[in-house]
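Here is the structure we will look at.
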Amino acid sequence: MIDEIKAAAFRQLADNAEIKEAFADLERTTFEELLRLPISSDEREKDALIQRVQIIRDLQSRIRLLGTTRKTGKQSVV
């Protein structure tokens with residue numbers, strides 16, 4: 001029961017339009033920052049921005065995953 005409540009909370013979070021918009025804005029501004037970097041900029045700086053986008057996407061995926069309820073193999077004996 002508690003797992004279902006937690007999953008419902010994560011689904012609500014994942015479906016929240018304001019949260020979706022915030023993630024999209026973060027991703028967009030990061031890409032814009034990446035595009036503004038000079039060609040001669042340090043590779044570590046570029047890699048950090050690319051990694052930021054990956055983290056944003058991973059966080060979204062993790063929230064969606066936590067919104068799914070998992071069935072355990074345990075069954076009660078009647």
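Just remember, in the structure tokens the first chain shown is A, the second B, etc., residues are 1-based per chain, and ligands are 1-based in the order shown.
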
| request: Give me every alpha helix (DSSP H) residue in chain A, going by DSSP on the backbone, as a PyMOL selection string. | output: chain A and resi 2-15+17-36+43-66

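By chain and then residue number, the residues within 12 Å of Ile56 of chain A are A:Ile19, A:Lys20, A:Ala22, A:Phe23, A:Ala24, A:Asp25, A:Leu26, A:Glu27, A:Arg28, A:Thr29, A:Thr30, A:Phe31, A:Leu49, A:Ile50, A:Gln51, A:Ser61, A:Arg62, A:Ile63, counting only C-alpha atoms and disregarding those fewer than 5 positions away in sequence.
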
| Atom-to-atom span, atom CA of Glu33 of chain A and atom CA of Lys46 of chain A, Å |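 About the pair atom CA of Glu33 of chain A and atom CA of Lys46 of chain A: they are 9.4 Å apart.
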
| field | Nearby residues (only C-alpha atoms) at most 7 Å from Gly67 of chain A, same-chain spacing under 3 positions excluded, as a VMD selection string | value | chain A and resid 7 to 8 10 to 11 63 to 64

| request: Measure the distance from atom CA of Asp47 of chain A to atom CA of Gln60 of chain A in Å and round it to one decimal. | output: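 Result for atom CA of Asp47 of chain A versus atom CA of Gln60 of chain A: 20.1 Å, one decimal.
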